[in-house]
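Asks: Contents of data-v3.csv (CSV, C-alpha atoms):
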```
chain,number,residue,atom,x,y,z
A,733,MET,CA,-18.8,-20.0,8.1
A,734,TYR,CA,-17.9,-17.9,5.1
A,735,ALA,CA,-17.2,-20.0,2.1
A,736,PRO,CA,-15.9,-18.0,-0.9
A,737,PRO,CA,-16.5,-19.2,-4.4
A,738,ALA,CA,-13.9,-21.5,-5.8
A,739,ILE,CA,-11.4,-20.0,-8.1
A,740,LEU,CA,-9.9,-22.7,-10.3
A,741,ILE,CA,-6.5,-22.0,-11.6
A,742,GLY,CA,-4.6,-24.2,-14.0
A,743,GLY,CA,-5.7,-27.7,-14.8
A,744,PRO,CA,-9.1,-29.2,-14.3
A,745,PRO,CA,-10.1,-30.5,-10.9
A,746,THR,CA,-10.0,-34.1,-10.3
A,747,GLU,CA,-13.1,-36.0,-9.3
A,748,SER,CA,-12.0,-36.0,-5.7
A,749,GLY,CA,-12.6,-32.3,-6.0
A,750,GLU,CA,-9.6,-30.6,-4.6
A,751,THR,CA,-6.4,-32.2,-5.6
A,752,PHE,CA,-4.4,-30.7,-8.4
A,753,HIS,CA,-1.2,-31.2,-10.1
A,754,LEU,CA,0.2,-28.3,-11.9
A,755,ASN,CA,3.7,-27.7,-13.2
A,756,ARG,CA,5.7,-24.8,-11.9
A,757,SER,CA,5.7,-22.7,-15.0
A,758,HIS,CA,2.0,-22.9,-15.3
A,759,VAL,CA,1.4,-21.6,-11.8
A,760,SER,CA,4.1,-19.0,-12.1
A,761,THR,CA,2.6,-17.6,-15.3
A,762,ARG,CA,-0.8,-17.4,-13.9
A,763,LEU,CA,0.3,-15.8,-10.7
A,764,SER,CA,2.5,-13.3,-12.6
A,765,GLY,CA,-0.4,-12.3,-14.7
A,766,LEU,CA,-2.6,-11.9,-11.7
A,767,LYS,CA,0.0,-9.8,-10.0
A,768,MET,CA,1.3,-7.7,-12.8
A,769,ALA,CA,-2.1,-6.3,-13.6
A,770,HIS,CA,-2.1,-4.6,-10.3
A,771,ILE,CA,1.4,-3.4,-9.7
A,772,ILE,CA,3.0,-2.8,-13.1
A,773,GLY,CA,2.2,0.4,-14.9
A,774,ALA,CA,0.3,2.0,-12.1
A,775,GLY,CA,-0.8,5.5,-13.0
A,776,LYS,CA,0.1,5.2,-16.6
A,777,ARG,CA,-2.3,5.6,-19.5
A,778,THR,CA,-3.2,1.9,-19.5
A,779,ASP,CA,-4.0,1.9,-15.8
A,780,PRO,CA,-7.8,1.9,-15.5
A,781,ALA,CA,-7.5,3.9,-12.3
A,782,SER,CA,-5.9,6.8,-14.2
A,783,ILE,CA,-7.6,9.6,-16.1
A,784,PRO,CA,-6.5,11.4,-19.2
A,785,LEU,CA,-4.4,14.2,-17.9
A,786,ALA,CA,-1.7,16.2,-19.6
A,787,THR,CA,0.4,19.3,-19.3
A,788,LYS,CA,-0.1,22.3,-21.6
A,789,LEU,CA,2.5,20.9,-23.9
A,790,GLY,CA,0.6,17.6,-24.1
A,791,THR,CA,2.8,15.4,-22.0
A,792,TYR,CA,0.8,12.8,-20.2
A,793,ILE,CA,0.8,13.2,-16.4
A,794,LYS,CA,0.9,9.9,-14.5
A,795,ASN,CA,-2.0,9.8,-12.1
A,796,GLU,CA,-4.1,7.3,-10.2
A,797,ARG,CA,-7.5,7.7,-8.6
A,798,ARG,CA,-7.6,6.4,-5.1
A,799,GLU,CA,-10.6,4.7,-3.5
A,800,GLU,CA,-12.3,6.5,-0.7
A,801,LEU,CA,-11.0,5.8,2.8
A,802,ILE,CA,-13.5,4.2,5.2
A,803,PRO,CA,-15.5,6.9,7.1
A,804,ALA,CA,-14.0,5.8,10.5
A,805,ILE,CA,-10.4,6.7,9.3
A,806,LEU,CA,-11.6,10.0,7.8
A,807,ARG,CA,-13.5,10.9,11.0
A,808,GLU,CA,-10.5,10.0,13.1
A,809,SER,CA,-8.2,12.2,11.0
A,810,GLN,CA,-10.7,15.1,11.4
A,811,ARG,CA,-10.7,14.6,15.2
A,812,MET,CA,-7.0,14.3,15.4
A,813,PHE,CA,-6.1,17.3,13.3
A,814,HIS,CA,-8.8,19.4,14.9
A,815,GLU,CA,-7.1,18.8,18.2
A,816,ALA,CA,-3.6,19.2,17.0
A,817,ARG,CA,-4.2,22.2,14.7
A,818,PRO,CA,-7.3,24.0,15.9
A,819,ASP,CA,-6.7,27.0,13.6
A,820,ALA,CA,-6.8,24.9,10.5
A,821,LYS,CA,-10.3,24.9,9.0
A,822,LEU,CA,-11.6,21.8,7.3
A,823,ARG,CA,-13.0,22.4,3.8
A,824,SER,CA,-13.6,18.9,2.6
A,825,LEU,CA,-12.9,15.4,3.8
A,826,THR,CA,-12.1,12.8,1.2
A,827,GLY,CA,-9.2,10.5,0.4
A,828,THR,CA,-9.7,10.3,-3.4
A,829,TYR,CA,-7.1,12.9,-4.4
A,830,ASN,CA,-3.9,14.3,-2.9
A,831,CYS,CA,-2.4,17.7,-2.7
A,832,MET,CA,-0.9,17.5,-6.2
A,833,GLY,CA,-4.3,16.3,-7.5
A,834,MET,CA,-6.0,19.2,-5.8
A,835,VAL,CA,-3.6,21.8,-7.3
A,836,PHE,CA,-3.1,20.3,-10.8
A,837,ALA,CA,-6.0,18.1,-11.5
A,838,SER,CA,-9.1,19.8,-10.0
A,839,ARG,CA,-9.4,17.2,-7.2
A,840,ARG,CA,-10.0,14.4,-9.6
A,841,THR,CA,-7.0,12.1,-9.0
A,842,CYS,CA,-3.7,11.6,-7.2
A,843,ILE,CA,-0.5,12.7,-8.8
A,844,ASP,CA,2.9,11.7,-7.5
A,845,PHE,CA,5.7,14.3,-6.8
A,846,ASP,CA,7.8,12.7,-9.5
A,847,GLN,CA,5.5,14.5,-12.0
A,848,LEU,CA,6.1,17.9,-10.4
A,849,ALA,CA,9.1,19.1,-12.4
A,850,THR,CA,7.4,18.2,-15.7
A,851,ILE,CA,4.2,20.0,-14.8
A,852,LEU,CA,5.9,23.1,-13.6
A,853,LYS,CA,8.1,23.3,-16.7
A,854,GLU,CA,5.4,22.4,-19.3
A,855,ASP,CA,2.6,24.4,-17.7
A,856,GLY,CA,4.8,27.6,-17.7
A,857,TYR,CA,5.3,27.9,-13.9
A,858,TYR,CA,8.2,30.0,-12.7
A,859,ARG,CA,9.7,30.4,-9.3
A,860,VAL,CA,8.9,33.5,-7.3
A,861,LYS,CA,11.8,34.3,-5.0
A,862,ASP,CA,10.5,37.5,-3.4
A,863,THR,CA,7.4,36.8,-1.3
A,864,ASN,CA,6.4,40.4,-1.8
A,865,GLU,CA,5.5,39.5,-5.4
A,866,LEU,CA,3.2,36.7,-4.5
A,867,LEU,CA,-0.5,36.9,-5.2
A,868,PRO,CA,-3.5,34.7,-4.3
A,869,GLY,CA,-3.6,31.8,-6.7
A,870,ASP,CA,0.2,31.2,-6.6
A,871,ILE,CA,1.4,27.9,-5.2
A,872,VAL,CA,3.6,27.1,-2.3
A,873,LEU,CA,5.8,24.1,-2.2
A,874,TYR,CA,6.6,22.5,1.1
A,875,GLY,CA,9.7,20.3,1.5
A,876,ASP,CA,12.2,18.7,3.8
A,877,PRO,CA,15.5,20.5,4.8
A,878,ARG,CA,17.2,19.0,1.7
A,879,GLY,CA,14.6,20.5,-0.6
A,880,LYS,CA,12.7,17.3,-1.4
A,881,PRO,CA,9.1,18.3,-2.2
A,882,LEU,CA,6.6,16.8,0.3
A,883,HIS,CA,3.5,18.9,-0.1
A,884,ILE,CA,1.9,21.6,-2.2
A,885,GLY,CA,-0.9,24.2,-1.6
A,886,VAL,CA,-2.5,27.2,-3.2
A,887,ILE,CA,-2.2,30.6,-1.6
A,888,LEU,CA,-5.6,32.1,-1.0
A,889,GLU,CA,-5.1,35.2,0.9
A,890,ILE,CA,-2.2,37.5,1.8
A,891,ALA,CA,-2.4,39.9,4.7
A,892,THR,CA,0.2,42.3,5.9
A,893,ASP,CA,1.0,42.4,9.5
A,894,VAL,CA,2.3,45.9,10.0
A,895,VAL,CA,3.4,45.3,13.6
A,896,ALA,CA,5.5,42.2,12.7
A,897,ALA,CA,6.4,43.7,9.4
A,898,GLU,CA,5.6,40.5,7.5
A,899,HIS,CA,3.1,38.9,5.2
A,900,ARG,CA,0.7,36.3,6.5
A,901,PHE,CA,-0.4,33.8,3.9
A,902,LYS,CA,-3.6,31.8,4.1
A,903,VAL,CA,-3.2,28.6,2.1
A,904,LEU,CA,-5.6,25.9,0.9
A,905,SER,CA,-4.1,22.4,0.7
A,906,LYS,CA,-4.9,18.7,0.9
A,907,TRP,CA,-3.3,16.8,3.7
A,908,GLY,CA,-2.5,13.5,2.1
A,909,ALA,CA,-5.5,11.3,1.9
A,910,ASN,CA,-7.1,13.2,4.8
A,911,GLY,CA,-8.9,16.5,4.6
A,912,GLU,CA,-8.5,19.6,2.6
A,913,TYR,CA,-7.8,22.5,4.9
A,914,PHE,CA,-7.6,26.3,5.0
A,915,HIS,CA,-4.6,27.1,7.2
A,916,SER,CA,-1.9,29.6,7.7
A,917,ILE,CA,1.2,28.8,5.7
A,918,GLY,CA,3.3,27.2,8.4
A,919,ASP,CA,0.4,25.4,10.1
A,920,VAL,CA,0.8,22.0,8.7
A,921,PRO,CA,1.7,18.6,10.2
A,922,PRO,CA,5.5,18.2,10.4
A,923,LEU,CA,5.4,15.3,8.0
A,924,LEU,CA,4.4,17.7,5.3
A,925,GLY,CA,7.6,19.8,5.7
A,926,THR,CA,8.0,23.5,5.7
A,927,PRO,CA,7.2,26.1,2.9
A,928,ASN,CA,10.4,26.6,0.9
A,929,GLU,CA,9.5,27.6,-2.6
A,930,PHE,CA,6.8,29.6,-4.4
A,931,TYR,CA,5.7,29.3,-8.0
A,932,THR,CA,3.3,31.1,-10.3
A,933,GLU,CA,2.1,30.7,-13.8
A,934,ARG,CA,0.9,34.3,-14.1
A,935,LYS,CA,1.3,35.9,-17.4
A,936,LEU,CA,1.9,39.6,-17.3
A,937,PRO,CA,1.9,41.9,-20.3
B,729,MET,CA,3.9,-2.7,24.7
B,730,SER,CA,3.0,-6.3,23.9
B,731,PHE,CA,3.1,-7.7,20.4
B,732,ARG,CA,-0.6,-7.7,20.3
B,733,ASP,CA,-0.9,-4.1,21.5
B,734,ILE,CA,1.5,-3.1,18.8
B,735,LEU,CA,-0.6,-4.7,16.1
B,736,CYS,CA,-3.7,-3.1,17.5
B,737,GLU,CA,-2.0,0.2,17.4
B,738,ILE,CA,-0.8,-0.2,13.9
B,739,GLU,CA,-4.2,-1.4,12.7
B,740,GLY,CA,-6.0,1.4,14.4
B,741,TYR,CA,-7.7,4.3,12.7
B,742,SER,CA,-5.4,6.9,14.3
B,743,PHE,CA,-2.3,5.2,12.8
B,744,ALA,CA,-4.0,5.1,9.4
B,745,ALA,CA,-4.9,8.7,9.6
B,746,ARG,CA,-1.4,9.8,10.6
B,747,VAL,CA,0.5,7.9,7.9
B,748,ASN,CA,-2.1,8.7,5.3
B,749,LEU,CA,-0.9,12.3,5.5
B,750,ALA,CA,1.8,11.2,3.1
B,751,SER,CA,1.3,12.1,-0.6
B,752,ASP,CA,3.9,9.7,-1.9
B,753,PHE,CA,5.4,6.4,-0.9
B,754,ASP,CA,8.7,7.9,0.3
B,755,THR,CA,6.9,10.1,2.7
B,756,PHE,CA,4.7,7.2,3.7
B,757,SER,CA,7.7,5.1,4.5
B,758,ARG,CA,9.2,7.9,6.6
B,759,ALA,CA,5.9,8.4,8.4
B,760,VAL,CA,5.7,4.7,9.2
B,761,ALA,CA,9.3,4.5,10.4
B,762,SER,CA,8.8,7.4,12.7
B,763,GLU,CA,5.9,5.7,14.5
B,764,ASN,CA,6.8,4.4,18.0
B,765,ALA,CA,4.7,1.2,17.5
B,766,VAL,CA,6.7,0.4,14.3
B,767,GLN,CA,10.0,0.9,16.0
B,768,GLU,CA,8.9,-1.3,18.8
B,769,LEU,CA,7.7,-3.9,16.4
B,770,SER,CA,11.0,-3.8,14.6
B,771,ARG,CA,12.7,-4.5,17.9
B,772,LEU,CA,10.5,-7.4,18.6
B,773,LEU,CA,11.2,-8.9,15.2
B,774,GLN,CA,14.6,-9.8,16.4
B,775,ARG,CA,12.8,-12.9,17.6
B,776,LYS,CA,11.8,-15.1,14.7
B,777,GLU,CA,8.6,-16.2,16.2
B,778,TYR,CA,7.3,-12.7,16.1
B,779,ALA,CA,8.2,-12.5,12.5
B,780,ASP,CA,6.2,-15.6,11.8
B,781,GLU,CA,3.2,-14.2,13.7
B,782,LEU,CA,3.5,-11.0,11.7
B,783,LEU,CA,3.4,-12.8,8.5
B,784,LYS,CA,0.4,-14.8,9.7
B,785,ARG,CA,-1.3,-11.6,10.6
B,786,THR,CA,-0.5,-10.0,7.2
B,787,ALA,CA,-2.0,-13.0,5.5
B,788,GLN,CA,-5.1,-12.7,7.6
B,789,LEU,CA,-5.6,-9.0,6.8
B,790,CYS,CA,-5.0,-9.7,3.1
B,791,CYS,CA,-7.8,-12.2,3.2
B,792,GLN,CA,-10.3,-10.0,5.0
B,793,SER,CA,-13.4,-9.3,3.0
B,794,THR,CA,-14.0,-5.5,2.9
B,795,ASP,CA,-16.5,-3.0,1.8
B,796,PHE,CA,-16.2,-2.7,-2.0
B,797,ARG,CA,-17.0,1.0,-1.8
B,798,HIS,CA,-13.9,1.8,0.1
B,799,GLU,CA,-10.2,1.3,0.2
B,800,HIS,CA,-9.1,-1.7,2.3
B,801,PRO,CA,-9.4,-0.5,5.9
B,802,LYS,CA,-6.1,-2.1,6.8
B,803,ASP,CA,-4.2,-0.9,3.8
B,804,ALA,CA,-1.7,1.1,5.8
B,805,ALA,CA,-1.2,-1.6,8.3
B,806,ILE,CA,-0.5,-4.2,5.6
B,807,ALA,CA,2.0,-1.9,4.0
B,808,THR,CA,3.6,-1.3,7.4
B,809,TYR,CA,4.0,-5.0,8.1
B,810,ILE,CA,5.6,-5.6,4.7
B,811,LEU,CA,8.0,-2.8,5.2
B,812,THR,CA,8.8,-3.9,8.7
B,813,LEU,CA,9.4,-7.5,7.7
B,814,SER,CA,11.6,-6.4,4.9
B,815,GLY,CA,14.0,-4.8,7.4
B,816,ARG,CA,15.0,-8.1,8.8
B,817,TYR,CA,13.4,-11.0,6.9
B,818,MET,CA,13.3,-10.2,3.2
B,819,ASP,CA,12.0,-13.7,2.3
B,820,LEU,CA,9.1,-13.3,4.7
B,821,ALA,CA,8.5,-9.8,3.4
B,822,LYS,CA,8.3,-11.3,-0.1
B,823,ILE,CA,5.7,-13.8,0.9
B,824,ALA,CA,3.7,-11.0,2.6
B,825,ALA,CA,4.1,-8.9,-0.5
B,826,GLU,CA,2.8,-11.6,-2.8
B,827,SER,CA,-0.4,-11.7,-0.8
B,828,ALA,CA,-0.7,-8.0,-0.9
B,829,THR,CA,-0.5,-7.6,-4.7
B,830,ILE,CA,-3.9,-9.0,-5.1
B,831,ILE,CA,-5.8,-7.2,-2.4
B,832,PRO,CA,-8.6,-5.3,-4.0
B,833,ARG,CA,-8.6,-1.5,-3.5
B,834,SER,CA,-5.2,-1.1,-1.8
B,835,TRP,CA,-2.9,1.9,-2.0
B,836,TRP,CA,0.1,1.8,0.2
B,837,ALA,CA,0.1,-2.0,0.5
B,838,ARG,CA,0.3,-2.3,-3.3
B,839,ARG,CA,3.2,0.1,-3.4
B,840,ALA,CA,5.0,-1.7,-0.6
B,841,ALA,CA,4.5,-5.0,-2.4
B,842,GLU,CA,5.8,-3.5,-5.7
B,843,LEU,CA,8.9,-2.2,-3.9
B,844,ILE,CA,9.6,-5.6,-2.4
B,845,LEU,CA,8.9,-7.6,-5.5
B,846,SER,CA,10.1,-5.4,-8.3
B,847,ASN,CA,12.8,-6.8,-10.5
B,848,ARG,CA,13.0,-10.0,-8.5
B,849,TYR,CA,10.0,-12.1,-9.2
B,850,LEU,CA,11.5,-14.6,-11.6
B,851,ALA,CA,15.0,-14.2,-10.4
B,852,SER,CA,14.5,-14.6,-6.7
B,853,SER,CA,16.4,-17.0,-4.6
B,854,VAL,CA,13.2,-18.7,-3.8
B,855,ASP,CA,12.5,-19.3,-7.5
B,856,ARG,CA,16.0,-20.4,-8.2
B,857,GLN,CA,15.7,-22.9,-5.4
B,858,THR,CA,12.4,-24.0,-6.6
B,859,SER,CA,13.5,-24.6,-10.1
B,860,GLN,CA,16.0,-27.1,-8.8
B,861,MET,CA,13.7,-28.8,-6.4
B,862,GLU,CA,13.1,-32.4,-6.6
B,863,PHE,CA,9.5,-32.4,-5.6
B,864,THR,CA,9.2,-36.2,-5.2
B,865,HIS,CA,11.5,-35.8,-2.3
B,866,VAL,CA,9.4,-33.4,-0.4
B,867,PRO,CA,8.4,-35.1,2.8
B,868,GLU,CA,4.9,-35.2,3.9
B,869,MET,CA,4.1,-32.1,5.9
B,870,THR,CA,1.4,-29.9,7.1
B,871,ILE,CA,1.6,-26.3,6.3
B,872,SER,CA,-0.7,-23.4,6.7
B,873,ALA,CA,-0.7,-20.0,5.1
B,874,SER,CA,0.4,-18.6,8.4
B,875,SER,CA,3.3,-20.9,9.1
B,876,THR,CA,6.7,-20.2,7.9
B,877,VAL,CA,8.1,-22.8,5.7
B,878,TYR,CA,11.8,-22.4,5.0
B,879,SER,CA,14.2,-22.9,2.2
B,880,GLU,CA,12.9,-25.2,-0.5
B,881,GLN,CA,9.4,-25.0,0.8
B,882,GLN,CA,9.1,-21.3,0.8
B,883,THR,CA,7.5,-21.2,-2.6
B,884,ILE,CA,4.8,-23.4,-1.4
B,885,ALA,CA,4.0,-21.1,1.4
B,886,MET,CA,4.2,-18.2,-0.9
B,887,TYR,CA,1.7,-19.7,-3.4
B,888,VAL,CA,-0.6,-20.8,-0.6
B,889,SER,CA,-0.5,-17.3,0.7
B,890,VAL,CA,-1.3,-15.8,-2.7
B,891,PHE,CA,-4.2,-18.1,-3.3
B,892,LEU,CA,-5.6,-17.6,0.1
B,893,ALA,CA,-5.5,-13.8,-0.4
B,894,ASN,CA,-7.4,-14.4,-3.6
B,895,GLU,CA,-10.0,-16.3,-1.6
B,896,ALA,CA,-9.5,-19.3,-3.7
B,897,ARG,CA,-10.9,-22.4,-2.1
B,898,VAL,CA,-8.5,-24.6,-4.1
B,899,ILE,CA,-5.0,-24.4,-3.0
B,900,VAL,CA,-2.2,-25.2,-5.4
B,901,ALA,CA,1.4,-25.6,-4.7
B,902,THR,CA,3.7,-25.8,-7.6
B,903,GLY,CA,4.4,-29.3,-8.7
B,904,ILE,CA,2.8,-30.8,-5.7
B,905,PRO,CA,-0.7,-32.0,-5.3
B,906,VAL,CA,-2.2,-30.4,-2.3
B,907,GLN,CA,-5.0,-32.0,-0.5
B,908,GLN,CA,-7.2,-29.6,1.3
B,909,HIS,CA,-8.3,-31.2,4.4
B,910,SER,CA,-9.9,-28.4,6.3
B,911,ARG,CA,-9.9,-24.7,6.4
B,912,SER,CA,-11.8,-21.8,7.7
B,913,LEU,CA,-11.8,-18.4,6.2
B,914,PRO,CA,-11.6,-15.2,8.1
B,915,VAL,CA,-14.7,-14.3,9.9
B,916,GLY,CA,-13.0,-11.9,12.3
B,917,LEU,CA,-9.8,-11.2,14.0
B,918,GLY,CA,-7.9,-14.3,14.8
B,919,THR,CA,-10.2,-16.9,13.4
B,920,PHE,CA,-8.2,-17.5,10.3
B,921,GLN,CA,-6.3,-20.8,10.3
B,922,PRO,CA,-6.4,-22.7,7.1
B,923,GLU,CA,-4.6,-26.0,7.4
B,924,LEU,CA,-3.3,-27.6,4.3
B,925,ARG,CA,-1.8,-30.9,3.9
B,926,VAL,CA,0.9,-31.3,1.3
B,927,GLU,CA,1.4,-34.9,0.4
B,928,LYS,CA,4.0,-36.7,-1.6
B,929,THR,CA,1.9,-38.3,-4.2
B,930,SER,CA,3.0,-40.6,-6.9
B,931,ALA,CA,1.5,-40.6,-10.4
B,932,ALA,CA,-0.3,-43.8,-9.5
B,933,ALA,CA,-1.7,-42.3,-6.4
B,934,GLN,CA,-3.0,-39.4,-8.4
B,935,LEU,CA,-4.7,-41.7,-10.9
B,936,ARG,CA,-6.3,-43.5,-8.0
B,937,ALA,CA,-7.5,-40.2,-6.6
B,938,ARG,CA,-9.0,-39.3,-9.9
B,939,LYS,CA,-10.9,-42.5,-9.9
```
Please go through the file and, once you have read it, give me the structure as structure tokens.
Replies:
Amino acid sequence: MYAPPAILIGGPPTESGETFHLNRSHVSTRLSGLKMAHIIGAGKRTDPASIPLATKLGTYIKNERREELIPAILRESQRMFHEARPDAKLRSLTGTYNCMGMVFASRRTCIDFDQLATILKEDGYYRVKDTNELLPGDIVLYGDPRGKPLHIGVILEIATDVVAAEHRFKVLSKWGANGEYFHSIGDVPPLLGTPNEFYTERKLP
Amino acid sequence: MSFRDILCEIEGYSFAARVNLASDFDTFSRAVASENAVQELSRLLQRKEYADELLKRTAQLCCQSTDFRHEHPKDAAIATYILTLSGRYMDLAKIAAESATIIPRSWWARRAAELILSNRYLASSVDRQTSQMEFTHVPEMTISASSTVYSEQQTIAMYVSVFLANEARVIVATGIPVQQHSRSLPVGLGTFQPELRVEKTSAAAQLRARK
């Protein structure tokens, strides 16, 4: 039978070993301290799970490194998405960063979408409305029908389909905590939304 | 689908892989809500006994010892249970959330717990009730981390749950001496059933116990 080490909280144990009498405020304080360390300030500078990360203008970007998923979940995601989206090609399989972390933090950490507006603004990104102007290296933002951002990726390749008279974009993006995939622009799980905006930070003379 | 089948589905690797597609908590919540198993579970929770079972299962998962190199393997399931409970039984969801706040290496579970507990910890109805409790009038009773203890006893269940999640051997309930009679810790699915005996103990009895 597994017997974990005793964790004594509050007053000293009695000689009988396991009977305690603590007042309410004492317990609450200790419990609050225990809890707050985990759930308050997540992703901020003081969070040990964050890394120093800032925009070009120096504004801190909230981020949090995520522990690796167990291999069984990663393998299952690989199997599942290979079945559902056979044309998407797996590049890497790890859960330690998300799509925002892949694009804006060199795969080092997870960044929430609430940081996106600040990053785009302070890193000098601007929206590209005409898809004819897109180049590899630009980013594509996926969203829901109301425009809420859900996913982001980097355009890797642009091919022109003469017959269909359209551009075909190859994108690299991280699918949540699952794999990083090469895929055509619309070939993502429905949960990640549809491509609806494009941005670039290109500087042209 | 039976209750047990639903829990197996939610705790499975496929479920985790699907909902882990989310990059933020909003998307995660949406992913969870769209799962058939979760919708089915939500329907079953109309019956209170299933809610009690779900709370018990959440406490079990929170107490599981896991590989320190990886995220908690049931992280998505715990978050799902907290969110599902919160739809109908906010008080139970808070108890579950309290347990989840101290799971090591969690991601969604911590966020779900934060959502449930934020801005309410000291001002909750449970706390307000507790502050007015007359502990000497608490009857003798047996509780376990898995059982649901209502109204003025909720805080006791909550603290027990929290301490169990922290793998403490010594269980403390606020203002009340708790005698630990027997308990077993999780070795595998379904073996977790700590039994605690909360006793009304006078100061004299405490002194006797110390001697």
Asks: Hey, what's within 6 Å of Ser905 (chain A) if we count all atoms listed in the file and toss same-chain stuff fewer than 5 positions away? As a PyMOL selection string, please?
Replies: chain A and resi 885+912-913
Asks: With C-alpha atoms retained, export the selected residues as a PDB file, in the frame of the given file.
Replies:
```pdb
ATOM      1  CA  GLY A 885      -0.900  24.200  -1.600  1.00  0.00           C
ATOM      2  CA  GLU A 912      -8.500  19.600   2.600  1.00  0.00           C
ATOM      3  CA  TYR A 913      -7.800  22.500   4.900  1.00  0.00           C
TER       4      TYR A 913
END
```
Asks: What is the distance, in Å and to one decimal place, between CA of Leu825 (chain A) and CA of Leu735 (chain B)?
Replies: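 Atom-to-atom, CA of Leu825 (chain A) and CA of Leu735 (chain B) are spaced 26.6 Å apart.
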Asks: Using all atoms listed in the file, determine which residues lie at most 9 Å from Tyr792 (chain A), disregarding the query and same-chain residues fewer than 4 positions distant; provide the list as number ranges by chain.
Replies: A: 776-777, 784-787
Asks: I need the residue nearest Gly740 (chain B) from this list: B:Glu777, B:Ala804, B:Arg797, B:Val766. Use only C-alpha atoms for the distance.
Replies: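 Smallest separation from Gly740 (chain B) among the options: B:Ala804.
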Asks: Rank A:Ala909, A:Lys902, A:Glu815, A:Val872 by their smallest atom-to-atom distance to Arg797 (chain A), using all atoms listed in the file, and report the top residue only.
Replies: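 So, comparing all the options, the nearest one is A:Ala909.
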Asks: Extract, using all atoms listed in the file, all DNA, RNA and protein residues at most 10 Å from Arg934 (chain A), discarding same-chain residues fewer than 5 positions from it, and format them as a ChimeraX atom specification.
Replies: /A:856-858,867,869-870
Asks: Grab the residues selected above and save them as a compact mmCIF listing (two decimals), in the frame of the given file with C-alpha atoms.
Replies:
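Result went into again.txt, see below:
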```txt
# COMPACT_ATOMS: atom_id res chain seq x y z
CA GLY A 856 4.80 27.60 -17.70
CA TYR A 857 5.30 27.90 -13.90
CA TYR A 858 8.20 30.00 -12.70
CA LEU A 867 -0.50 36.90 -5.20
CA GLY A 869 -3.60 31.80 -6.70
CA ASP A 870 0.20 31.20 -6.60
```
Asks: Could you work out how far CA of Ala821 (chain B) lies from CA of Ile844 (chain B), giving the answer in Å with one decimal?
Replies: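 So the answer is 7.2 Å.
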Asks: Please provide the set of residues having any atom within 10 Å of Phe836 (chain A), restricted to only C-alpha atoms, with same-chain residues fewer than 5 positions apart removed, written as a list in words.
Replies: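 Once the adjacent positions are removed, what remains is Leu785, Ala786, Thr787, Ile793, Asn830, Cys831, Thr841, Cys842, Ile843, Leu848, Ile851, Leu852 and Asp855 of chain A.
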